[in-house]
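Have a look at the structure below before the remarks.
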Amino acid sequence: SVTVAPYAVNNVGAFGTQAASVFAGGDPGSKTTTLEYGGSGSWTAGGALGTGRAQQGGACLAPLSAGLIWGGTPLSTATEKYDGTAWTAANVLPAGVQFGGGAGTQTAALSFGNFSGPTTITTATTKFDGTSWTAAGALGSSQARSQGSGSQALALVAGGDYPHTTPVSTTQEYNISTSVFTGGAYSALPNINTPRAPEGAGSKNGTVDAAVFFCGGRSGPGFSNATEEYNGSSWTATGNYPQILRHVGGTGIQTAALGVGGFDGPGNTNETN
């Protein structure tokens with residue numbers, strides 16, 4: 001564990017690297033607060049979100065100075081950009097989403113693996129060009145609360161729920177070049193070893209051939225601290241996360257990831273690893 005976060009939180013939106021990252025919103029209370037982590041154990045307060053939320057999607061390849069988050073709970077269409085100091089409202093999503101995965105950057109993002117209501121999972125994928133959202137194909141099979149990694153052009157989506165209470169091991173790859181007419185298509189990849197809703201975290205700055213899914217999240221009736229790495233062709237178990245949690249905020253790359261906060265059953269935590 002490194003220097004813990006200033007307050008306990010779960011379901012926080014995250015982007016950036018292990019050395020310079022942003023954690024925004026979260027529960028309890030659909031927060032508007034933003035925390036910036038400096039890599040040396042230093043935490044500073046960032047600008048406040050315009051719309052308080054938790055369980056939001058985010059552009060996983062975004063740096064601290066050019067972030068993007070969207071959707072969230074309460075069910076929202078709101079999109080906001082971060083410039084390293086303040087959040088600015090951007091054009092809204094076509095429909096409200098929550099518990100979603102994300103990939104890409106502030107000017108080329110991808111939203112997938114979402115709930116469109118409290119218990120309703122949607123296969124719809126949308127892409128953001130820095131100004132507006134448009135449709136971008138559909139998941140090959142339904143999964144939500146999924147971990148995302150990669151770019152708008154080539155993204156990885158792993159694990160999640162389907163239906164809304166059953167963890168799955170499904171992994172899919174999105175390739176924007178496979179269908180210029182539908183805006184992209186998904187193909188099936190090898191499953192993760194332990195079916196689970198990632199309400200854990202992952203290397204959001206990872207790629208489709210170098211990703212990590214850590215802290216486990218919910219697996220069956222309990223939580224898990226299992227960690228798995230993906231090399232482009234298979235998932236391999238690696239060192240467990242130090243705590244058994246769900247709803248952890250995570251970012252970074254396969255070899256330098258960062259996890260913040262989470263929920264351990266009795267309550268929220270400010271653990272940072």
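For the structure tokens, the naming scheme is as follows: chains receive sequential letters (A, B, ...) according to their order of presentation, residues are indexed from 1 within each chain, and ligands are indexed from 1 in presentation order.
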Please build the interface table for region 133-157 of chain A against region 101-124 of chain A with a cut-off of 6 Å, listing for each qualifying residue the nearest atom pair and the distance in Å to one decimal; count only C-alpha atoms, order rows by chain and increasing number, and write it as CSV.
residue,atom,partner,partner_atom,distance
A:Ala138,CA,A:Ala124,CA,4.7
A:Leu139,CA,A:Thr123,CA,4.9
A:Ser142,CA,A:Thr123,CA,5.6
A:Gln143,CA,A:Gly113,CA,5.5
A:Ala144,CA,A:Gly113,CA,4.1
A:Ser146,CA,A:Gly101,CA,5.3
A:Gln147,CA,A:Gly101,CA,5.5
A:Gly148,CA,A:Gly101,CA,5.0
A:Ser149,CA,A:Ala103,CA,5.5
A:Gly150,CA,A:Ala103,CA,5.4
A:Ser151,CA,A:Gly104,CA,3.9
A:Gln152,CA,A:Gly104,CA,4.7
Considering only C-alpha atoms, tabulate each residue of region 45-161 of chain A that lies at most 12 Å from region 223-236 of chain A along with its nearest interatomic pair and the corresponding distance in Å to one decimal; arrange the rows by chain and ascending residue number and present them as JSON lines.
{"residue": "A:Ser149", "atom": "CA", "partner": "A:Tyr230", "partner_atom": "CA", "distance": 10.7}
{"residue": "A:Gly150", "atom": "CA", "partner": "A:Gly232", "partner_atom": "CA", "distance": 11.7}
{"residue": "A:Leu154", "atom": "CA", "partner": "A:Gly232", "partner_atom": "CA", "distance": 11.9}
{"residue": "A:Ala155", "atom": "CA", "partner": "A:Gly232", "partner_atom": "CA", "distance": 11.4}
{"residue": "A:Leu156", "atom": "CA", "partner": "A:Gly232", "partner_atom": "CA", "distance": 9.7}
{"residue": "A:Val157", "atom": "CA", "partner": "A:Tyr230", "partner_atom": "CA", "distance": 11.4}
{"residue": "A:Ala158", "atom": "CA", "partner": "A:Tyr230", "partner_atom": "CA", "distance": 10.1}
{"residue": "A:Gly159", "atom": "CA", "partner": "A:Glu228", "partner_atom": "CA", "distance": 11.3}
Any chance you could export the current selection's all heavy atoms as an mmCIF file, in the first residue's frame?
data_model
loop_
_atom_site.group_PDB
_atom_site.id
_atom_site.type_symbol
_atom_site.label_atom_id
_atom_site.label_comp_id
_atom_site.auth_asym_id
_atom_site.auth_seq_id
_atom_site.Cartn_x
_atom_site.Cartn_y
_atom_site.Cartn_z
ATOM 1 N N SER A 149 -10.087 -1.408 -21.700
ATOM 2 C CA SER A 149 -8.684 -1.072 -21.917
ATOM 3 C C SER A 149 -8.489 -0.811 -23.398
ATOM 4 O O SER A 149 -9.216 -1.346 -24.236
ATOM 5 C CB SER A 149 -7.787 -2.230 -21.459
ATOM 6 O OG SER A 149 -6.425 -1.881 -21.511
ATOM 7 N N GLY A 150 -7.524 0.052 -23.744
ATOM 8 C CA GLY A 150 -7.222 0.283 -25.146
ATOM 9 C C GLY A 150 -7.753 1.590 -25.686
ATOM 10 O O GLY A 150 -8.128 2.494 -24.941
ATOM 11 N N LEU A 154 -9.253 0.181 -31.121
ATOM 12 C CA LEU A 154 -8.979 -1.201 -30.758
ATOM 13 C C LEU A 154 -9.051 -1.313 -29.241
ATOM 14 O O LEU A 154 -8.136 -0.887 -28.530
ATOM 15 C CB LEU A 154 -7.602 -1.621 -31.266
ATOM 16 C CG LEU A 154 -7.272 -3.115 -31.248
ATOM 17 C CD1 LEU A 154 -8.237 -3.890 -32.150
ATOM 18 C CD2 LEU A 154 -5.836 -3.350 -31.712
ATOM 19 N N ALA A 155 -10.149 -1.873 -28.749
ATOM 20 C CA ALA A 155 -10.404 -1.885 -27.314
ATOM 21 C C ALA A 155 -10.706 -3.290 -26.810
ATOM 22 O O ALA A 155 -11.144 -4.163 -27.565
ATOM 23 C CB ALA A 155 -11.574 -0.959 -26.985
ATOM 24 N N LEU A 156 -10.487 -3.477 -25.507
ATOM 25 C CA LEU A 156 -10.725 -4.746 -24.841
ATOM 26 C C LEU A 156 -11.788 -4.542 -23.769
ATOM 27 O O LEU A 156 -11.732 -3.581 -23.009
ATOM 28 C CB LEU A 156 -9.425 -5.228 -24.189
ATOM 29 C CG LEU A 156 -9.391 -6.620 -23.562
ATOM 30 C CD1 LEU A 156 -9.378 -7.686 -24.653
ATOM 31 C CD2 LEU A 156 -8.149 -6.752 -22.677
ATOM 32 N N VAL A 157 -12.758 -5.458 -23.711
ATOM 33 C CA VAL A 157 -13.777 -5.424 -22.669
ATOM 34 C C VAL A 157 -13.801 -6.798 -22.020
ATOM 35 O O VAL A 157 -13.868 -7.820 -22.702
ATOM 36 C CB VAL A 157 -15.166 -5.025 -23.230
ATOM 37 C CG1 VAL A 157 -15.541 -5.848 -24.432
ATOM 38 C CG2 VAL A 157 -16.240 -5.134 -22.162
ATOM 39 N N ALA A 158 -13.711 -6.847 -20.678
ATOM 40 C CA ALA A 158 -13.553 -8.124 -19.988
ATOM 41 C C ALA A 158 -14.426 -8.206 -18.751
ATOM 42 O O ALA A 158 -14.573 -7.244 -18.007
ATOM 43 C CB ALA A 158 -12.085 -8.331 -19.589
ATOM 44 N N GLY A 159 -14.979 -9.399 -18.528
ATOM 45 C CA GLY A 159 -15.755 -9.667 -17.333
ATOM 46 C C GLY A 159 -17.032 -8.860 -17.260
ATOM 47 O O GLY A 159 -17.495 -8.282 -18.234
#
So how many Å separate CA of Leu35 (chain A) and CA of Arg53 (chain A), to one decimal?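 Those two atoms sit 14.2 Å apart.
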Within 7 Å of Ala201 (chain A), counting only C-alpha atoms, which residues show up once you throw out same-chain ones fewer than 5 positions away? Write them as an MDAnalysis selection string, please. chainID A and resid 147 213:215 248:250 259
Same residues, all heavy atoms, saved as a PDB file, in the first residue's frame:
ATOM      1  N   GLN A 147     -14.659  -4.276 -17.461  1.00  0.00           N
ATOM      2  CA  GLN A 147     -13.392  -3.561 -17.437  1.00  0.00           C
ATOM      3  C   GLN A 147     -12.937  -3.251 -18.858  1.00  0.00           C
ATOM      4  O   GLN A 147     -12.938  -4.138 -19.715  1.00  0.00           O
ATOM      5  CB  GLN A 147     -12.334  -4.402 -16.726  1.00  0.00           C
ATOM      6  CG  GLN A 147     -11.018  -3.701 -16.552  1.00  0.00           C
ATOM      7  CD  GLN A 147     -11.161  -2.441 -15.729  1.00  0.00           C
ATOM      8  OE1 GLN A 147     -11.737  -2.461 -14.663  1.00  0.00           O
ATOM      9  NE2 GLN A 147     -10.652  -1.337 -16.226  1.00  0.00           N
ATOM     10  N   PHE A 213      -6.314  -7.041 -14.977  1.00  0.00           N
ATOM     11  CA  PHE A 213      -7.615  -6.937 -14.329  1.00  0.00           C
ATOM     12  C   PHE A 213      -7.355  -7.293 -12.873  1.00  0.00           C
ATOM     13  O   PHE A 213      -7.024  -8.426 -12.556  1.00  0.00           O
ATOM     14  CB  PHE A 213      -8.538  -7.926 -15.026  1.00  0.00           C
ATOM     15  CG  PHE A 213      -9.915  -8.072 -14.463  1.00  0.00           C
ATOM     16  CD1 PHE A 213     -10.361  -7.346 -13.384  1.00  0.00           C
ATOM     17  CD2 PHE A 213     -10.797  -8.967 -15.060  1.00  0.00           C
ATOM     18  CE1 PHE A 213     -11.640  -7.505 -12.893  1.00  0.00           C
ATOM     19  CE2 PHE A 213     -12.074  -9.135 -14.582  1.00  0.00           C
ATOM     20  CZ  PHE A 213     -12.495  -8.412 -13.495  1.00  0.00           C
ATOM     21  N   PHE A 214      -7.412  -6.284 -11.962  1.00  0.00           N
ATOM     22  CA  PHE A 214      -6.993  -6.554 -10.594  1.00  0.00           C
ATOM     23  C   PHE A 214      -8.062  -6.222  -9.575  1.00  0.00           C
ATOM     24  O   PHE A 214      -9.059  -5.586  -9.875  1.00  0.00           O
ATOM     25  CB  PHE A 214      -5.693  -5.814 -10.254  1.00  0.00           C
ATOM     26  CG  PHE A 214      -5.763  -4.307 -10.300  1.00  0.00           C
ATOM     27  CD1 PHE A 214      -6.181  -3.584  -9.208  1.00  0.00           C
ATOM     28  CD2 PHE A 214      -5.373  -3.626 -11.441  1.00  0.00           C
ATOM     29  CE1 PHE A 214      -6.221  -2.200  -9.241  1.00  0.00           C
ATOM     30  CE2 PHE A 214      -5.402  -2.245 -11.493  1.00  0.00           C
ATOM     31  CZ  PHE A 214      -5.825  -1.529 -10.384  1.00  0.00           C
ATOM     32  N   CYS A 215      -7.825  -6.682  -8.379  1.00  0.00           N
ATOM     33  CA  CYS A 215      -8.688  -6.508  -7.225  1.00  0.00           C
ATOM     34  C   CYS A 215      -9.921  -7.372  -7.301  1.00  0.00           C
ATOM     35  O   CYS A 215     -10.639  -7.517  -6.337  1.00  0.00           O
ATOM     36  CB  CYS A 215      -9.076  -5.052  -7.023  1.00  0.00           C
ATOM     37  SG  CYS A 215     -10.009  -4.835  -5.521  1.00  0.00           S
ATOM     38  N   VAL A 248     -13.402  -0.801  -6.754  1.00  0.00           N
ATOM     39  CA  VAL A 248     -12.123  -0.082  -6.663  1.00  0.00           C
ATOM     40  C   VAL A 248     -11.929   0.771  -7.916  1.00  0.00           C
ATOM     41  O   VAL A 248     -12.256   0.357  -9.025  1.00  0.00           O
ATOM     42  CB  VAL A 248     -10.957  -1.086  -6.529  1.00  0.00           C
ATOM     43  CG1 VAL A 248      -9.607  -0.372  -6.608  1.00  0.00           C
ATOM     44  CG2 VAL A 248     -11.072  -1.852  -5.225  1.00  0.00           C
ATOM     45  N   GLY A 249     -11.384   1.962  -7.762  1.00  0.00           N
ATOM     46  CA  GLY A 249     -11.008   2.787  -8.903  1.00  0.00           C
ATOM     47  C   GLY A 249      -9.592   2.440  -9.327  1.00  0.00           C
ATOM     48  O   GLY A 249      -8.692   2.399  -8.490  1.00  0.00           O
ATOM     49  N   GLY A 250      -9.390   2.152 -10.610  1.00  0.00           N
ATOM     50  CA  GLY A 250      -8.069   1.735 -11.050  1.00  0.00           C
ATOM     51  C   GLY A 250      -7.650   2.362 -12.354  1.00  0.00           C
ATOM     52  O   GLY A 250      -8.488   2.723 -13.185  1.00  0.00           O
ATOM     53  N   GLY A 259      -4.603   1.274  -7.776  1.00  0.00           N
ATOM     54  CA  GLY A 259      -5.966   1.072  -7.302  1.00  0.00           C
ATOM     55  C   GLY A 259      -6.257   1.952  -6.108  1.00  0.00           C
ATOM     56  O   GLY A 259      -5.418   2.084  -5.209  1.00  0.00           O
TER      57      GLY A 259
END
For Val9 (chain A), find every residue with an atom within 7 Å (counting only C-alpha atoms), except residues of its own chain fewer than 3 positions away, and show them as a list in words.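 Returned residues: Val12, Gly26, Asp27, Pro28, Gly261, Gly262, Asn268, Thr269 and Asn270 of chain A.
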Could the residues in this selection be written to a file with C-alpha atoms, as a tab-separated table (two decimals), in the first residue's frame?
chain	number	residue	atom	x	y	z
A	12	VAL	CA	-14.80	6.42	-8.40
A	26	GLY	CA	-17.75	8.15	-6.40
A	27	ASP	CA	-19.88	6.94	-3.51
A	28	PRO	CA	-21.17	7.44	-0.94
A	261	GLY	CA	-10.66	3.05	-2.54
A	262	GLY	CA	-13.27	0.31	-2.70
A	268	ASN	CA	-15.74	2.02	2.16
A	269	THR	CA	-11.96	2.23	2.28
A	270	ASN	CA	-9.29	4.77	1.31
Calculated over only C-alpha atoms, which of the candidates A:Gly67, A:Tyr37, A:Ala153, A:Ala48 has the smallest distance to Phe15 (chain A)?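 Checking each of A:Gly67, A:Tyr37, A:Ala153, A:Ala48 against Phe15 (chain A), counting only C-alpha atoms, the winner is A:Gly67.
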